[in-house]
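Chemist: CSV, C-alpha atoms and all ligand atoms, file run-v1.csv:
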```
chain,number,residue,atom,x,y,z
A,1,MET,CA,-45.9,13.6,-60.7
A,2,LYS,CA,-46.7,17.2,-60.3
A,3,LYS,CA,-44.0,19.8,-60.4
A,4,VAL,CA,-43.4,23.0,-58.5
A,5,LEU,CA,-42.0,26.4,-59.7
A,6,LEU,CA,-41.2,28.7,-56.9
A,7,ILE,CA,-40.4,32.2,-58.0
A,8,VAL,CA,-38.7,34.4,-55.4
A,9,VAL,CA,-38.4,38.1,-56.2
A,10,ASP,CA,-35.9,39.2,-53.5
A,11,GLY,CA,-37.2,42.0,-51.4
A,12,ILE,CA,-40.0,42.9,-53.8
A,13,SER,CA,-42.4,44.4,-51.3
A,14,ASP,CA,-42.2,47.8,-49.5
A,15,ARG,CA,-43.7,49.8,-46.7
A,16,GLY,CA,-46.0,52.8,-47.1
A,17,THR,CA,-49.1,53.5,-49.1
A,18,LYS,CA,-47.6,53.7,-52.6
A,19,THR,CA,-44.8,51.2,-53.4
A,20,PRO,CA,-42.7,50.2,-56.4
A,21,LEU,CA,-44.8,47.0,-56.7
A,22,SER,CA,-48.2,48.6,-56.4
A,23,SER,CA,-47.3,51.3,-58.9
A,24,ALA,CA,-45.6,49.0,-61.4
A,25,LYS,CA,-47.4,48.0,-64.7
A,26,LYS,CA,-47.2,44.2,-64.3
A,27,PRO,CA,-50.1,42.6,-66.3
A,28,ASN,CA,-48.6,39.1,-66.1
A,29,MET,CA,-48.1,39.1,-62.3
A,30,ASP,CA,-51.6,40.5,-61.9
A,31,LYS,CA,-52.9,37.7,-64.1
A,32,LEU,CA,-51.2,35.1,-61.9
A,33,ALA,CA,-52.9,36.8,-58.9
A,34,GLU,CA,-56.2,36.5,-60.6
A,35,MET,CA,-55.7,32.9,-61.4
A,36,GLY,CA,-54.5,31.8,-58.0
A,37,ILE,CA,-55.0,32.0,-54.3
A,38,ASN,CA,-53.4,35.0,-52.6
A,39,GLY,CA,-52.2,36.0,-49.2
A,40,ILE,CA,-49.4,37.5,-47.2
A,41,MET,CA,-46.5,35.7,-45.7
A,42,ASP,CA,-44.1,36.2,-42.8
A,43,PRO,CA,-41.0,34.5,-44.3
A,44,ILE,CA,-39.8,33.6,-40.8
A,45,ALA,CA,-42.3,35.0,-38.3
A,46,PRO,CA,-44.2,38.3,-37.9
A,47,GLY,CA,-41.8,41.1,-37.3
A,48,ILE,CA,-38.6,39.1,-37.8
A,49,ARG,CA,-36.3,40.7,-40.4
A,50,PRO,CA,-35.0,37.8,-42.5
A,51,GLY,CA,-31.7,37.7,-44.3
A,52,SER,CA,-31.9,36.3,-47.8
A,53,ASP,CA,-30.3,33.1,-46.6
A,54,THR,CA,-32.6,32.5,-43.6
A,55,GLY,CA,-35.6,33.7,-45.6
A,56,HIS,CA,-35.0,31.1,-48.3
A,57,LEU,CA,-34.3,28.3,-45.9
A,58,SER,CA,-37.6,29.0,-44.3
A,59,LEU,CA,-39.5,29.1,-47.6
A,60,LEU,CA,-38.0,25.7,-48.5
A,61,GLY,CA,-39.2,24.3,-45.2
A,62,TYR,CA,-35.9,24.4,-43.3
A,63,ASP,CA,-36.3,26.1,-39.9
A,64,PRO,CA,-33.4,28.6,-40.0
A,65,TYR,CA,-33.2,28.6,-36.2
A,66,LYS,CA,-32.2,25.0,-36.5
A,67,TYR,CA,-30.2,24.9,-39.7
A,68,TYR,CA,-28.6,28.3,-40.2
A,69,THR,CA,-25.0,28.5,-38.9
A,70,GLY,CA,-23.8,31.6,-40.7
A,71,ARG,CA,-23.3,33.0,-44.1
A,72,GLY,CA,-19.8,31.5,-44.7
A,73,PRO,CA,-21.0,27.9,-45.4
A,74,ILE,CA,-23.6,29.1,-47.8
A,75,GLU,CA,-21.3,31.4,-49.7
A,76,ALA,CA,-18.6,28.7,-49.8
A,77,ALA,CA,-21.1,26.2,-51.3
A,78,GLY,CA,-22.3,28.9,-53.7
A,79,ALA,CA,-18.7,29.6,-54.8
A,80,GLY,CA,-18.5,25.9,-55.9
A,81,ILE,CA,-16.7,24.4,-52.9
A,82,GLU,CA,-18.1,21.0,-52.0
A,83,VAL,CA,-18.6,21.7,-48.4
A,84,ARG,CA,-19.0,18.9,-45.9
A,85,PRO,CA,-20.7,18.9,-42.5
A,86,GLY,CA,-18.2,20.0,-39.9
A,87,ASP,CA,-16.2,22.2,-42.3
A,88,ILE,CA,-15.5,25.8,-41.1
A,89,ALA,CA,-16.3,28.3,-43.8
A,90,PHE,CA,-15.8,32.0,-44.2
A,91,ARG,CA,-16.7,34.7,-46.6
A,92,VAL,CA,-13.6,36.5,-47.8
A,93,ASN,CA,-12.9,39.9,-49.2
A,94,PHE,CA,-9.7,40.8,-50.9
A,95,GLY,CA,-8.8,44.1,-49.2
A,96,THR,CA,-5.9,46.6,-49.1
A,97,VAL,CA,-3.7,47.2,-46.1
A,98,GLU,CA,-1.0,49.8,-45.5
A,99,GLY,CA,1.7,50.2,-42.8
A,100,GLU,CA,4.6,48.4,-41.3
A,101,GLY,CA,5.0,45.1,-39.3
A,102,SER,CA,2.8,42.1,-39.3
A,103,VAL,CA,-0.6,42.0,-41.1
A,104,PHE,CA,-2.3,42.7,-37.7
A,105,ASP,CA,-0.3,46.0,-37.3
A,106,LYS,CA,-1.5,47.2,-40.7
A,107,VAL,CA,-4.5,49.4,-41.4
A,108,VAL,CA,-7.3,48.5,-43.8
A,109,VAL,CA,-7.5,51.3,-46.4
A,110,ASP,CA,-9.9,49.6,-48.8
A,111,ARG,CA,-12.2,46.6,-47.9
A,112,ARG,CA,-12.6,45.7,-51.6
A,113,ALA,CA,-9.1,46.3,-53.0
A,114,GLY,CA,-10.4,48.9,-55.5
A,115,ARG,CA,-13.2,46.4,-56.5
A,116,ILE,CA,-10.6,44.2,-58.1
A,117,SER,CA,-12.2,41.9,-60.6
A,118,GLU,CA,-9.4,39.5,-61.6
A,119,THR,CA,-8.2,37.4,-58.7
A,120,ASP,CA,-7.5,34.0,-60.2
A,121,GLU,CA,-3.7,34.3,-60.0
A,122,LEU,CA,-3.8,35.5,-56.4
A,123,VAL,CA,-6.1,32.6,-55.4
A,124,LYS,CA,-3.7,30.2,-57.1
A,125,ALA,CA,-0.7,31.7,-55.3
A,126,ILE,CA,-2.4,31.3,-51.9
A,127,ASN,CA,-3.5,27.7,-52.7
A,128,GLU,CA,0.0,26.8,-53.7
A,129,GLY,CA,1.9,28.9,-51.1
A,130,ILE,CA,0.2,28.0,-47.8
A,131,ASP,CA,0.4,24.7,-46.0
A,132,LEU,CA,-1.7,23.9,-43.0
A,133,SER,CA,-0.8,20.2,-42.8
A,134,GLU,CA,1.3,20.8,-39.7
A,135,TYR,CA,-2.0,21.5,-38.0
A,136,GLY,CA,-3.7,18.5,-39.6
A,137,VAL,CA,-5.9,20.8,-41.5
A,138,GLU,CA,-6.7,21.2,-45.2
A,139,PHE,CA,-8.0,24.4,-46.7
A,140,ILE,CA,-9.9,25.2,-49.8
A,141,PHE,CA,-9.9,28.8,-51.1
A,142,ARG,CA,-12.0,29.9,-54.1
A,143,ARG,CA,-12.7,33.1,-55.7
A,144,GLY,CA,-16.2,34.5,-55.9
A,145,SER,CA,-17.4,37.4,-58.0
A,146,GLY,CA,-15.2,40.5,-58.0
A,147,HIS,CA,-13.3,41.0,-54.8
A,148,ARG,CA,-15.1,38.2,-53.1
A,149,GLY,CA,-14.0,34.7,-52.2
A,150,ALA,CA,-14.7,31.8,-49.8
A,151,LEU,CA,-12.4,29.9,-47.5
A,152,VAL,CA,-13.0,26.5,-46.0
A,153,LEU,CA,-10.9,24.8,-43.2
A,154,ARG,CA,-11.3,21.0,-43.0
A,155,GLY,CA,-10.0,18.8,-40.2
A,156,GLU,CA,-10.6,17.4,-36.8
A,157,GLY,CA,-11.1,19.6,-33.7
A,158,LEU,CA,-12.1,22.9,-35.4
A,159,SER,CA,-14.6,25.4,-34.1
A,160,ASP,CA,-16.6,28.2,-35.5
A,161,LYS,CA,-16.7,30.1,-32.2
A,162,ILE,CA,-14.1,32.5,-33.4
A,163,SER,CA,-14.1,36.2,-34.4
A,164,ASP,CA,-13.8,37.8,-37.8
A,165,THR,CA,-10.5,39.3,-39.0
A,166,ASP,CA,-12.4,41.9,-41.1
A,167,PRO,CA,-12.6,45.1,-39.0
A,168,HIS,CA,-15.7,45.9,-41.2
A,169,ARG,CA,-14.6,49.5,-41.7
A,170,VAL,CA,-11.6,51.3,-43.2
A,171,GLY,CA,-9.1,53.1,-41.1
A,172,GLU,CA,-8.9,50.3,-38.6
A,173,LYS,CA,-6.3,47.6,-38.2
A,174,VAL,CA,-6.8,44.0,-39.4
A,175,LYS,CA,-8.3,42.1,-36.5
A,176,ARG,CA,-6.6,39.2,-34.9
A,177,CYS,CA,-8.9,36.2,-34.8
A,178,VAL,CA,-9.8,35.3,-31.2
A,179,PRO,CA,-11.7,32.4,-29.7
A,180,LEU,CA,-15.2,33.4,-28.6
A,181,GLU,CA,-15.5,30.5,-26.2
A,182,ASP,CA,-13.2,28.9,-23.7
A,183,SER,CA,-12.4,25.7,-25.6
A,184,GLU,CA,-9.3,24.1,-27.0
A,185,GLU,CA,-11.0,23.8,-30.5
A,186,ALA,CA,-11.7,27.6,-30.6
A,187,ARG,CA,-8.2,28.5,-29.5
A,188,ARG,CA,-6.6,26.2,-32.0
A,189,THR,CA,-8.8,27.4,-34.9
A,190,ALA,CA,-8.1,31.0,-34.1
A,191,GLU,CA,-4.3,30.2,-34.1
A,192,ILE,CA,-4.7,28.5,-37.5
A,193,VAL,CA,-6.6,31.4,-38.9
A,194,ASN,CA,-4.0,33.9,-37.7
A,195,TYR,CA,-1.2,31.9,-39.3
A,196,PHE,CA,-3.2,31.7,-42.5
A,197,MET,CA,-3.8,35.5,-42.4
A,198,GLU,CA,-0.1,36.3,-42.0
A,199,ARG,CA,1.0,33.9,-44.7
A,200,ALA,CA,-1.7,35.1,-47.1
A,201,HIS,CA,-0.5,38.7,-46.6
A,202,GLU,CA,3.1,37.8,-47.2
A,203,ILE,CA,2.2,36.0,-50.5
A,204,LEU,CA,-0.2,38.7,-51.7
A,205,ASP,CA,1.8,41.7,-50.8
A,206,ARG,CA,4.8,40.8,-53.0
A,207,HIS,CA,2.8,39.1,-55.8
A,208,PRO,CA,3.7,40.4,-59.2
A,209,LEU,CA,0.0,41.2,-60.0
A,210,ASN,CA,0.0,43.5,-56.9
A,211,GLU,CA,3.3,45.1,-57.8
A,212,GLU,CA,1.8,45.8,-61.1
A,213,ARG,CA,-1.3,47.3,-59.5
A,214,ALA,CA,0.9,49.5,-57.2
A,215,LYS,CA,2.8,50.8,-60.2
A,216,LYS,CA,-0.5,51.8,-61.9
A,217,GLY,CA,-1.6,53.5,-58.7
A,218,LEU,CA,-4.2,50.8,-58.0
A,219,PRO,CA,-4.8,49.5,-54.4
A,220,LYS,CA,-3.0,46.2,-53.8
A,221,ALA,CA,-5.2,43.2,-53.0
A,222,ASN,CA,-2.8,42.3,-50.2
A,223,VAL,CA,-5.0,41.0,-47.4
A,224,LEU,CA,-7.8,38.5,-47.0
A,225,LEU,CA,-10.6,39.8,-44.7
A,226,LEU,CA,-12.6,36.9,-43.2
A,227,ARG,CA,-16.1,37.2,-41.9
A,228,GLY,CA,-19.4,35.3,-41.6
A,229,VAL,CA,-17.7,32.2,-40.2
A,230,GLY,CA,-19.9,29.1,-39.6
A,231,LYS,CA,-19.7,25.4,-39.3
A,232,VAL,CA,-21.3,23.6,-42.2
A,233,PRO,CA,-24.4,22.1,-40.7
A,234,HIS,CA,-25.9,18.6,-41.2
A,235,VAL,CA,-28.9,19.4,-43.4
A,236,PRO,CA,-31.2,16.7,-44.8
A,237,SER,CA,-31.2,17.0,-48.5
A,238,PHE,CA,-34.3,18.4,-50.2
A,239,GLU,CA,-34.8,15.2,-52.1
A,240,SER,CA,-34.6,13.1,-49.0
A,241,ARG,CA,-37.1,15.3,-47.3
A,242,TYR,CA,-39.6,15.8,-50.0
A,243,GLY,CA,-38.8,13.1,-52.6
A,244,MET,CA,-38.4,15.9,-55.1
A,245,ARG,CA,-35.3,16.8,-57.1
A,246,LEU,CA,-34.4,20.5,-56.6
A,247,ALA,CA,-33.0,22.8,-59.2
A,248,VAL,CA,-32.0,26.4,-58.6
A,249,VAL,CA,-31.8,29.2,-61.2
A,250,ALA,CA,-30.2,32.2,-59.6
A,251,GLY,CA,-27.5,34.8,-60.3
A,252,THR,CA,-26.1,35.3,-56.8
A,253,THR,CA,-23.7,32.9,-55.0
A,254,LEU,CA,-25.8,33.1,-51.8
A,255,ILE,CA,-28.9,31.5,-53.4
A,256,LYS,CA,-26.8,29.0,-55.4
A,257,GLY,CA,-25.2,28.1,-52.1
A,258,ILE,CA,-28.6,27.4,-50.5
A,259,GLY,CA,-29.4,25.1,-53.5
A,260,ARG,CA,-26.1,23.3,-53.1
A,261,ILE,CA,-26.3,22.9,-49.3
A,262,LEU,CA,-29.7,21.3,-49.8
A,263,GLY,CA,-28.3,18.9,-52.4
A,264,GLY,CA,-29.9,20.6,-55.4
A,265,ASP,CA,-28.6,21.3,-58.9
A,266,VAL,CA,-27.6,24.8,-59.8
A,267,ILE,CA,-28.4,25.7,-63.3
A,268,GLU,CA,-26.1,28.4,-64.8
A,269,VAL,CA,-27.6,30.9,-67.1
A,270,GLU,CA,-25.5,33.2,-69.3
A,271,GLY,CA,-26.0,36.8,-68.3
A,272,ALA,CA,-27.6,35.9,-64.9
A,273,THR,CA,-25.9,38.6,-62.9
A,274,GLY,CA,-28.0,39.2,-59.9
A,275,ASN,CA,-28.3,42.8,-60.8
A,276,ARG,CA,-30.9,44.9,-62.8
A,277,TYR,CA,-29.2,44.0,-66.1
A,278,THR,CA,-29.7,40.3,-65.6
A,279,ASN,CA,-30.9,38.0,-68.3
A,280,VAL,CA,-34.5,37.7,-67.2
A,281,LYS,CA,-35.6,35.9,-70.4
A,282,GLY,CA,-32.8,33.4,-70.2
A,283,LYS,CA,-33.6,32.6,-66.5
A,284,VAL,CA,-37.3,32.1,-67.1
A,285,GLU,CA,-36.5,29.8,-70.0
A,286,ALA,CA,-34.0,27.9,-68.0
A,287,ALA,CA,-36.5,27.5,-65.2
A,288,LEU,CA,-39.2,26.2,-67.5
A,289,LYS,CA,-36.7,23.8,-69.0
A,290,ALA,CA,-35.6,22.6,-65.6
A,291,LEU,CA,-39.2,21.6,-64.9
A,292,GLU,CA,-38.7,18.8,-67.4
A,293,THR,CA,-35.8,17.3,-65.5
A,294,HIS,CA,-36.5,18.3,-61.9
A,295,ASP,CA,-39.5,18.3,-59.6
A,296,PHE,CA,-39.0,21.5,-57.8
A,297,VAL,CA,-37.5,24.6,-59.4
A,298,LEU,CA,-36.5,27.7,-57.5
A,299,LEU,CA,-36.2,30.8,-59.7
A,300,HIS,CA,-34.7,33.7,-58.0
A,301,PHE,CA,-34.3,37.4,-58.9
A,302,LYS,CA,-32.1,39.7,-56.9
A,303,ALA,CA,-32.2,43.2,-58.3
A,304,THR,CA,-35.4,44.2,-56.5
A,305,ASP,CA,-33.5,43.8,-53.2
A,306,GLU,CA,-30.5,45.7,-54.3
A,307,LEU,CA,-32.6,48.6,-55.6
A,308,GLY,CA,-34.5,48.5,-52.3
A,309,HIS,CA,-31.1,48.8,-50.4
A,310,ASP,CA,-30.3,51.8,-52.7
A,311,GLY,CA,-33.6,53.5,-51.9
A,312,ASP,CA,-34.2,53.6,-55.6
A,313,PHE,CA,-38.1,53.7,-56.0
A,314,GLU,CA,-38.1,54.2,-59.8
A,315,GLY,CA,-35.4,51.7,-60.4
A,316,LYS,CA,-37.2,49.1,-58.4
A,317,ARG,CA,-40.5,49.8,-60.1
A,318,GLU,CA,-38.8,49.6,-63.5
A,319,PHE,CA,-37.1,46.3,-62.7
A,320,ILE,CA,-40.4,44.8,-61.6
A,321,GLU,CA,-41.8,45.9,-65.0
A,322,LYS,CA,-38.9,44.3,-66.8
A,323,LEU,CA,-39.4,41.1,-64.9
A,324,ASP,CA,-43.1,41.1,-65.7
A,325,SER,CA,-42.5,41.6,-69.4
A,326,HIS,CA,-40.8,38.2,-69.5
A,327,PHE,CA,-43.4,36.4,-67.3
A,328,GLU,CA,-45.9,35.8,-70.1
A,329,PRO,CA,-44.8,32.2,-70.8
A,330,LEU,CA,-45.7,31.4,-67.2
A,331,LEU,CA,-49.4,32.0,-67.9
A,332,SER,CA,-49.6,29.2,-70.3
A,333,LEU,CA,-48.2,26.5,-68.0
A,334,ASP,CA,-50.4,23.5,-67.5
A,335,PHE,CA,-51.5,24.2,-63.9
A,336,SER,CA,-53.0,20.7,-63.6
A,337,LYS,CA,-49.4,19.5,-63.6
A,338,VAL,CA,-47.4,22.5,-62.2
A,339,CYS,CA,-47.9,24.5,-59.0
A,340,LEU,CA,-46.5,28.0,-59.4
A,341,ILE,CA,-45.7,30.2,-56.4
A,342,LEU,CA,-44.8,33.9,-56.8
A,343,THR,CA,-43.5,35.6,-53.6
A,344,ALA,CA,-40.4,37.1,-51.9
A,345,ASP,CA,-38.0,36.2,-49.1
A,346,HIS,CA,-38.6,39.4,-47.2
A,347,SER,CA,-39.5,43.1,-47.9
A,348,THR,CA,-36.7,45.5,-48.7
A,349,PRO,CA,-38.5,48.9,-48.6
A,350,VAL,CA,-36.9,51.8,-50.5
A,351,THR,CA,-37.8,53.9,-47.4
A,352,ALA,CA,-35.9,51.6,-45.0
A,353,LYS,CA,-33.0,50.6,-47.4
A,354,GLU,CA,-32.8,47.4,-45.4
A,355,HIS,CA,-34.8,44.2,-45.0
A,356,THR,CA,-37.8,44.6,-42.8
A,357,GLY,CA,-40.3,42.3,-41.1
A,358,ASP,CA,-43.2,43.5,-43.2
A,359,PRO,CA,-45.0,40.4,-44.7
A,360,VAL,CA,-44.6,39.7,-48.4
A,361,PRO,CA,-47.3,39.0,-50.9
A,362,ILE,CA,-47.7,35.5,-52.2
A,363,VAL,CA,-49.8,33.8,-54.8
A,364,ILE,CA,-50.2,30.1,-55.5
A,365,VAL,CA,-51.5,29.0,-58.9
A,366,HIS,CA,-52.5,25.4,-59.3
A,367,GLU,CA,-55.6,23.5,-60.5
A,368,GLY,CA,-58.0,23.1,-57.6
A,369,VAL,CA,-56.8,26.0,-55.4
A,370,ARG,CA,-59.6,28.1,-54.0
A,371,VAL,CA,-59.3,31.0,-56.4
A,372,ASP,CA,-60.1,34.3,-54.6
A,373,GLU,CA,-61.2,37.7,-55.8
A,374,VAL,CA,-57.7,39.3,-55.8
A,375,GLU,CA,-56.7,40.5,-59.2
A,376,GLU,CA,-53.5,42.4,-58.5
A,377,PHE,CA,-50.2,41.2,-57.2
A,378,SER,CA,-49.4,43.8,-54.5
A,379,GLU,CA,-48.9,44.5,-50.8
A,380,PHE,CA,-52.4,46.0,-50.6
A,381,GLU,CA,-54.4,43.4,-52.5
A,382,ALA,CA,-52.7,40.2,-51.4
A,383,TYR,CA,-54.0,40.2,-47.9
A,384,LYS,CA,-57.6,40.1,-49.1
A,385,GLY,CA,-56.9,36.6,-50.6
A,386,GLY,CA,-57.9,33.2,-49.4
A,387,LEU,CA,-54.5,32.2,-48.0
A,388,CYS,CA,-54.7,34.9,-45.5
A,389,ARG,CA,-51.5,35.2,-43.5
A,390,ILE,CA,-49.0,32.3,-43.4
A,391,ARG,CA,-45.4,31.8,-42.3
A,392,GLY,CA,-42.6,30.8,-44.6
A,393,LEU,CA,-42.3,27.4,-42.9
A,394,ASP,CA,-46.0,26.7,-43.8
A,395,LEU,CA,-45.3,27.0,-47.5
A,396,MET,CA,-43.9,23.6,-48.2
A,397,ASN,CA,-46.7,21.9,-46.3
A,398,ILE,CA,-49.3,23.8,-48.3
A,399,VAL,CA,-47.5,23.0,-51.6
A,400,THR,CA,-46.9,19.3,-50.9
A,401,ASP,CA,-50.5,19.0,-49.9
A,402,LEU,CA,-51.7,20.7,-53.1
A,403,ILE,CA,-49.6,18.5,-55.3
A,404,ASP,CA,-50.6,15.4,-53.4
A,405,ARG,CA,-47.2,14.6,-52.0
A,406,ALA,CA,-48.2,15.1,-48.4
A,407,GLU,CA,-48.7,12.3,-46.0
A,408,LYS,CA,-51.7,12.1,-43.7
A,409,PHE,CA,-51.1,12.9,-40.1
A,410,GLY,CA,-53.1,10.4,-38.1
A,411,ALA,CA,-55.5,7.6,-39.2
B,501,ZN,ZN,-33.3,38.5,-49.9
B,502,ZN,ZN,-30.9,42.5,-49.2
```
The structure in this file should be written as structure tokens.
Modeler:
Amino acid sequence: MKKVLLIVVDGISDRGTKTPLSSAKKPNMDKLAEMGINGIMDPIAPGIRPGSDTGHLSLLGYDPYKYYTGRGPIEAAGAGIEVRPGDIAFRVNFGTVEGEGSVFDKVVVDRRAGRISETDELVKAINEGIDLSEYGVEFIFRRGSGHRGALVLRGEGLSDKISDTDPHRVGEKVKRCVPLEDSEEARRTAEIVNYFMERAHEILDRHPLNEERAKKGLPKANVLLLRGVGKVPHVPSFESRYGMRLAVVAGTTLIKGIGRILGGDVIEVEGATGNRYTNVKGKVEAALKALETHDFVLLHFKATDELGHDGDFEGKREFIEKLDSHFEPLLSLDFSKVCLILTADHSTPVTAKEHTGDPVPIVIVHEGVRVDEVEEFSEFEAYKGGLCRIRGLDLMNIVTDLIDRAEKFGA
């Protein structure tokens, strides 16, 4: 059976007449453009600004309007929690609060607790010190990278129609979780969350690691700020949908989480950081190796997006060049057996410093595609190609057709 390698360079494209991508020296990406069929793609729909999560779901053929329930479930899966449909999941930050009284009387002075990096002991103390069995609820709390973490509540009668406890800015009090709809489930879930918040604060505030930090003049990691709540959705697995085993090579928890939610295997690569210093060579090698054991490999690079958010034109251009310098092995793939796609999940223009709805360039390289005259992978050449303009949700149809896995519609 034929295999698929989908390379997503997060937020690679820009606005304007001269962009990091169009000005980068990238002979290997250009060669792929020359070998394949090119076009532009609206990851969700024209003018819609995708998140990385909704953009990826769409590229993988999952309508985000149907399957996306918030970032919490995806981050929790990415942090290694085996989420189940119906679980209530949150993104968590370790933060710092000061003041007197209950946690909800205190003011957030740092939303990242001084960018604390070592939270294992704190996570352990919370897992051991809090008991929600009185509510008939189980919780799972895991650390993420740095000050991040993920929390899952599991049990009957829970709702995700509740508010964040993260005030989203410093100088404000920790927010009490409130129900966002008039239901017993939402009221009950908010009550459980508030109890959890208070207990977590008590445990963290007097934890030896935090007393130690306070002595050193470092901000205590003494509050958990919850946001991005969502109920883990029922999602048909990638394999059940396409008959292909999915592997994901990515440095960020969000994309790993997408892979896990879809029932794929996440392949860990040493030095895959999700930033500009990431181990590009190792990731490319891991993706090529994964093609031996899996049918569909998603290879994701994040730094282009971060540099776009930073408004760093030169940094973004340099990272694209770094990527390209490790793409040479891709040129010698056997394209009668492998279908390669190079594209992005959205644009992150350095001028906007945010995701925009500008379409992204896409090239598909596979034996038999209608090779067009495009010879450069860029915003300004891609649209001249034979794919014209497609939506993200069209991609899996096009790919499964090309690799002869599509079924005929009609007689
Ligand atoms: Zn993205
Ligand atoms: Zn972004």
Chemist: As an exercise, work out the distance from CA of Gly61 (chain A) to CA of Asn38 (chain A) in Å and give it to one decimal place.
Modeler: 19.3 Å
Chemist: Give one line per residue of chain A that approaches ligand ZN 502 (chain B) to at most 10 Å, naming the two atoms of the closest pair and their distance in Å to one decimal, counting only C-alpha atoms and all ligand atoms; sort by chain then ascending residue number and deliver it as a Markdown table.
Modeler:
```
| residue | atom | partner | partner_atom | distance |
| --- | --- | --- | --- | --- |
| A:Asp10 | CA | B:ZN502 | ZN | 7.4 |
| A:Gly11 | CA | B:ZN502 | ZN | 6.7 |
| A:Pro50 | CA | B:ZN502 | ZN | 9.2 |
| A:Gly51 | CA | B:ZN502 | ZN | 6.9 |
| A:Ser52 | CA | B:ZN502 | ZN | 6.4 |
| A:Asp53 | CA | B:ZN502 | ZN | 9.8 |
| A:Lys302 | CA | B:ZN502 | ZN | 8.3 |
| A:Ala303 | CA | B:ZN502 | ZN | 9.2 |
| A:Thr304 | CA | B:ZN502 | ZN | 8.7 |
| A:Asp305 | CA | B:ZN502 | ZN | 4.9 |
| A:Glu306 | CA | B:ZN502 | ZN | 6.0 |
| A:Leu307 | CA | B:ZN502 | ZN | 9.0 |
| A:Gly308 | CA | B:ZN502 | ZN | 7.7 |
| A:His309 | CA | B:ZN502 | ZN | 6.4 |
| A:Asp310 | CA | B:ZN502 | ZN | 10.0 |
| A:Asp345 | CA | B:ZN502 | ZN | 9.5 |
| A:His346 | CA | B:ZN502 | ZN | 8.5 |
| A:Ser347 | CA | B:ZN502 | ZN | 8.7 |
| A:Thr348 | CA | B:ZN502 | ZN | 6.5 |
| A:Pro349 | CA | B:ZN502 | ZN | 10.0 |
| A:Lys353 | CA | B:ZN502 | ZN | 8.6 |
| A:Glu354 | CA | B:ZN502 | ZN | 6.5 |
| A:His355 | CA | B:ZN502 | ZN | 6.0 |
| A:Thr356 | CA | B:ZN502 | ZN | 9.6 |
```
Chemist: For the selection just defined, write its residues with C-alpha atoms to a file, as a CSV table (one decimal), in the frame of the given file.
Modeler:
```csv
chain,number,residue,atom,x,y,z
A,10,ASP,CA,-35.9,39.2,-53.5
A,11,GLY,CA,-37.2,42.0,-51.4
A,50,PRO,CA,-35.0,37.8,-42.5
A,51,GLY,CA,-31.7,37.7,-44.3
A,52,SER,CA,-31.9,36.3,-47.8
A,53,ASP,CA,-30.3,33.1,-46.6
A,302,LYS,CA,-32.1,39.7,-56.9
A,303,ALA,CA,-32.2,43.2,-58.3
A,304,THR,CA,-35.4,44.2,-56.5
A,305,ASP,CA,-33.5,43.8,-53.2
A,306,GLU,CA,-30.5,45.7,-54.3
A,307,LEU,CA,-32.6,48.6,-55.6
A,308,GLY,CA,-34.5,48.5,-52.3
A,309,HIS,CA,-31.1,48.8,-50.4
A,310,ASP,CA,-30.3,51.8,-52.7
A,345,ASP,CA,-38.0,36.2,-49.1
A,346,HIS,CA,-38.6,39.4,-47.2
A,347,SER,CA,-39.5,43.1,-47.9
A,348,THR,CA,-36.7,45.5,-48.7
A,349,PRO,CA,-38.5,48.9,-48.6
A,353,LYS,CA,-33.0,50.6,-47.4
A,354,GLU,CA,-32.8,47.4,-45.4
A,355,HIS,CA,-34.8,44.2,-45.0
A,356,THR,CA,-37.8,44.6,-42.8
```
Chemist: Pick out the residues sitting within 12 Å of Pro208 (chain A), and hand them over as a VMD selection string; count all atoms listed in the file, and ignore anything fewer than 2 positions along from it in its own chain.
Modeler: chain A and resid 121 to 122 125 203 to 206 210 to 215 220 to 222
Chemist: When you draw a straight line from CA of Met35 (chain A) to CA of Gly357 (chain A), how long is it in Å?
Modeler: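 These two atoms are separated by 27.2 Å.
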Chemist: Hey, what's within 12 Å of Ala79 (chain A) if we count all atoms listed in the file and toss same-chain stuff fewer than 4 positions away? As a VMD selection string, please?
Modeler: chain A and resid 72 to 75 83 89 to 92 140 to 146 148 to 152 251 to 261 266
Chemist: Counting only C-alpha atoms, write as a ChimeraX atom specification all protein and nucleic acid residues lying at most 10 Å from (3.0, 28.8, -46.4) in the file's frame.
Modeler: /A:126-132,195-196,198-200,202-203
Chemist: Go through A:Ile81, A:Leu288, A:Leu59, A:Val338 and flag the residue nearest ligand ZN 501 (chain B), using all atoms listed in the file for the distances.
Modeler: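 Result for the nearest residue to ligand ZN 501 (chain B): A:Leu59.
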Chemist: In Å, with one decimal, what is the gap from CA of Glu314 (chain A) to CA of Leu331 (chain A)?
Modeler: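 CA of Glu314 (chain A) sits 26.2 Å away from CA of Leu331 (chain A).
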Chemist: Would you tabulate, counting all atoms listed in the file, all residues of region 267-337 of chain A that have an atom at most 8 Å from an atom of region 362-371 of chain A, showing the closest pair of atoms and their distance in Å to one decimal, sorted by chain then ascending number, as JSON lines?
Modeler:
```
{"residue": "A:Phe335", "atom": "CA", "partner": "A:His366", "partner_atom": "CA", "distance": 4.9}
{"residue": "A:Ser336", "atom": "CA", "partner": "A:Glu367", "partner_atom": "CA", "distance": 4.9}
{"residue": "A:Lys337", "atom": "CA", "partner": "A:His366", "partner_atom": "CA", "distance": 7.9}
```
Chemist: Nearest to Glu184 (chain A) among A:Cys388, A:Leu158, A:Val235, A:Leu395, with distances taken over all atoms listed in the file: which residue is it?
Modeler: A:Leu158
Chemist: Write out as a tab-separated table (two decimals) with C-alpha atoms, in the frame of the given file which residues come within 12 Å of Lys408 (chain A) when counting all atoms listed in the file, dropping same-chain ones fewer than 6 positions away.
Modeler:
```tsv
chain	number	residue	atom	x	y	z
A	397	ASN	CA	-46.70	21.90	-46.30
A	400	THR	CA	-46.90	19.30	-50.90
A	401	ASP	CA	-50.50	19.00	-49.90
```
